[in-house]
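Structure first, commentary second.
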Amino acid sequence: MSGIIDHLSIGFGVAFSLTNLLVAAIGSFIGTMVGVLPGLGPINGVAMLIPIAFAMNLPPETALILLAAVYVGAEYGGRITSILLNVPGEASAIMTTLDGYPLARQGLANVALSLSAASAFVGALVSVTGIVLLAPLLARWALAFGPAEYFVLMVFAFCCLTSLLGQQPVKGVLAAMIGLGISVIGVDSNSGVYRYTFESVHLADGVDFVVVVIALFAVAEMLEMLEKVMAGHSVEVKPSGRKLFNLKELAFTAGSIGRSSLVGFGVGVLPGAGASVAAAVAYSQEKRIIEGKDPDAKFGKGDMRGLVAPESAATASAIGSFVPMLTLGVPGSGTTAVMMGALTLYNITPGPVLFDTKPELVWGLIASLFIANVLLFLMNVPMVRVFSKVLSVPGWLMVPGILSISYIGVYAINAGTFDLLMVVGVGAIGYLLRKFGVPMAPLVLGVVLGDMMEQSLRRALSITNGELSVLYSSPVSVGLWIAAAAVVVVPQMLRRMRQNRQARNAAA
Amino acid sequence: MNDRTLGIAALVLAALMTWAGWDIEAPFAYEPVGPRAFPMLIALIIGLCGLRLAIKGGNPVEANSAGANSRITLMVLVAGGYAFLFQWLGFVLATTLMTMLVGRLFGGTWLKCALGGVIMGVFFFVLFDQVLDVVLPAGLLGDLL
């Protein structure tokens, strides 16, 4: 117990320094604006800011705090448009529109916004508590991992990320392999051999992680925006009578908030399932539980419990998804994969040792996640008008702005034209891959984990002089293989069973 | 344009990876797994995915609305041109030019886009280069800035 308090005091010591508090506030603000913008979500905001944070010579913990604040802020921003306009800023906010928009139509827009902010705050609180209790334990367990266990763990992470991503896992596998393939380019650190550099000096160091991330999440995103001509929204936030929810409404929704926060944290800790899965699971759970015993429930027509459930779950899972990255060094979502890439720019490899070697980084980050949520809660209610103004920024100004900021970041890393051209090329390919339905998150994970994965495989096989049995000799790795197989097979089976049942119902 | 196209592209990629990577060899090997194994493993799996997609086919790609493809091609060209001119013309000029062209693609008028471009170029240059210490190329305006 005293250990936890020690850790937290380190964390809040870091987070409460003037610079870091300021950075957290700025990050939350920028994040919210990015989240409000149509088509841009947390991953885009984080991707664009990584190189800039690095170029500004921010220390690693400050940079990570900035990115985390942007992440959480963008999740917040997504809900503003969901509630006011019925336009989800990103995938995890879709469930928020179901009951949030009807509430706004009933003249309760401000109440809905403040209530959603409060429920997100509770979700964050539950999740941060969960991290504090769970993360050190998990890290201690992972310290005993050898290279073979690590290799299998990464296979497991890929399996989770690809199988949960919709109908066609084969495209997820393809994406992961392309990512790993990109990570192979450059000089091999073990033997000094150049791989796939085609005699180019620019490729000798490999393809910079920043180039890939900006290409996929800024350039490809912009090309997708061009598919339809965009019209700027202009929104009037009608002043509604009450700005805040009252205690009665809070008590009315408290049960839903609590349950959904726990669900969200659980889903977030699992690698692969992100905020959108958490929001959907929590919403349907609340709907089932409440509609069973309360005949007055009006889910989908503006029930406050239907608003708070996805909100608290999405935030809880966004924060919970830091657990696998911090403790195992294996990120569980696209956004945390991007953040882990940011740490590698600082030559920091996340993993279980981080808790001992860089406690100020880990606990500072955890404390800042908490602080960012407090700031967002305070900022959200009075500043709704300011944020919704962002929506009226026209596309002809917004898109050049995104491109320009992206190039600034890429240029800052190597100060060269080659990387910029590479961004355009990779971005165009990324756009085509997206058109074919290839998911981007496994690709990013591949780029981030590629080097580590190859190193652990080679190290494991060196120990046994090439004997493959080392990969399935310890109980931990056998367990992970089974888990990996299960996450691939079980969802497929469930899907097939559901289809069969539907077919039978249709026939009957 | 359906899964078969993607599958064939993946098969080509796998073949290229194998062809370009077959000669990768460490000058002296002191570990059982050399630098070639991992890329070959990746190429193999890409090939298998490609094979499956090519055989199964289906899932045609949603066609873009009329004019979207030419807009997207133009955007790629402008982004490439921006990359070329970024260092040479300098940030402010290149950004002004890019904003004019990209802005047109997104339905702005010439005047608005030009004005927006100049303001954005100068504003970002001051913000990043002067205030935040992220170095940007001054280019042709080098002496002025």
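Residue names in the structure tokens use chain letters A, B, ... in the order shown, residue numbers from 1 in each chain, and ligand numbers from 1 in the order shown.
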
Please identify all polymer residues within 9 Å of Leu134 of chain A, counting only C-alpha atoms, omitting same-chain residues fewer than 5 positions from it, and present them as a VMD selection string.
-> chain A and resid 129 139 323

Just need the residues of chain B within 6 Å of chain A, counting only C-alpha atoms, so spit them out as a PyMOL selection string.
-> chain B and resi 26+31-33+42+46+68+72+83+99+103+106+108+133-134

Just to be explicit: take each residue in the selection above, keep C-alpha atoms, and write the result as a short mmCIF file (atom, residue, chain, number, x, y, z; two decimals), in the first residue's frame.
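Everything below was put into part.cif:
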```
data_model
loop_
_atom_site.label_atom_id
_atom_site.label_comp_id
_atom_site.auth_asym_id
_atom_site.auth_seq_id
_atom_site.Cartn_x
_atom_site.Cartn_y
_atom_site.Cartn_z
CA ALA B 26 25.95 -11.67 -43.11
CA GLU B 31 24.21 -16.78 -34.80
CA PRO B 32 21.90 -19.49 -36.07
CA VAL B 33 19.35 -17.05 -37.54
CA ILE B 42 7.31 -11.91 -43.77
CA ILE B 46 2.35 -11.77 -47.36
CA ALA B 68 -13.05 12.53 -57.03
CA ILE B 72 -7.19 12.93 -55.46
CA ALA B 83 7.56 18.38 -50.65
CA THR B 99 -2.72 26.54 -49.81
CA GLY B 103 -7.78 25.31 -51.16
CA PHE B 106 -11.69 22.05 -51.44
CA GLY B 108 -12.33 28.01 -51.83
CA ASP B 133 12.07 26.61 -31.83
CA VAL B 134 11.15 24.10 -34.52
#
```

Neighbours of Leu115 of chain A within 10 Å (only C-alpha atoms; same-chain residues fewer than 5 positions away dropped), as a PyMOL selection string?
-> chain A and resi 109-110+120-121+243-246+249-250+253+304+307-308+311+377+381

Convert the current residue selection to file output with N, CA and C atoms, as a tab-separated table (two decimals), in the first residue's frame.
```tsv
chain	number	residue	atom	x	y	z
A	109	ALA	N	-28.98	20.36	-24.29
A	109	ALA	CA	-27.64	20.18	-24.83
A	109	ALA	C	-26.56	20.38	-23.78
A	110	ASN	N	-26.65	21.47	-23.04
A	110	ASN	CA	-25.61	21.73	-22.05
A	110	ASN	C	-25.62	20.72	-20.92
A	120	ALA	N	-17.37	10.74	-18.18
A	120	ALA	CA	-16.04	10.44	-18.67
A	120	ALA	C	-15.02	10.61	-17.56
A	121	PHE	N	-15.24	11.62	-16.73
A	121	PHE	CA	-14.31	11.85	-15.63
A	121	PHE	C	-14.31	10.67	-14.66
A	243	LYS	N	-26.96	24.97	-17.27
A	243	LYS	CA	-25.68	24.62	-17.83
A	243	LYS	C	-25.20	23.26	-17.31
A	244	LEU	N	-25.60	22.96	-16.08
A	244	LEU	CA	-25.08	21.76	-15.43
A	244	LEU	C	-26.20	20.77	-15.14
A	245	PHE	N	-25.82	19.52	-15.08
A	245	PHE	CA	-26.76	18.51	-14.61
A	245	PHE	C	-27.00	18.71	-13.11
A	246	ASN	N	-28.10	18.20	-12.59
A	246	ASN	CA	-28.30	18.31	-11.14
A	246	ASN	C	-28.08	16.97	-10.45
A	249	GLU	N	-30.15	13.91	-11.45
A	249	GLU	CA	-29.73	13.24	-12.67
A	249	GLU	C	-28.48	12.41	-12.45
A	250	LEU	N	-27.60	12.93	-11.60
A	250	LEU	CA	-26.37	12.20	-11.31
A	250	LEU	C	-26.69	10.89	-10.60
A	253	THR	N	-28.12	8.28	-12.92
A	253	THR	CA	-27.22	7.61	-13.86
A	253	THR	C	-26.04	6.93	-13.18
A	304	MET	N	-30.73	9.43	-20.36
A	304	MET	CA	-29.43	9.88	-19.87
A	304	MET	C	-28.50	8.71	-19.57
A	307	LEU	N	-26.64	7.83	-22.50
A	307	LEU	CA	-25.58	8.78	-22.82
A	307	LEU	C	-24.32	8.50	-22.00
A	308	VAL	N	-24.51	8.25	-20.70
A	308	VAL	CA	-23.33	8.13	-19.85
A	308	VAL	C	-22.61	6.79	-20.06
A	311	GLU	N	-19.97	6.98	-22.79
A	311	GLU	CA	-18.99	8.00	-22.44
A	311	GLU	C	-18.00	7.52	-21.41
A	377	PHE	N	-12.74	18.40	-17.84
A	377	PHE	CA	-14.04	18.53	-17.21
A	377	PHE	C	-14.34	20.01	-16.93
A	381	VAL	N	-17.40	22.55	-20.09
A	381	VAL	CA	-18.70	23.18	-19.95
A	381	VAL	C	-18.66	24.66	-20.36
```

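With only C-alpha atoms as the basis for measurement, A:Val72 is the residue among A:Val72, A:Ile5, A:Met340, A:Phe29 that approaches Asn373 of chain A most closely.
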
Secondary structure check, helix (DSSP H, G or I) residues of chain B, as a ChimeraX atom specification | /B:3-21,37-56,68-88,91-105,110-131,139-141
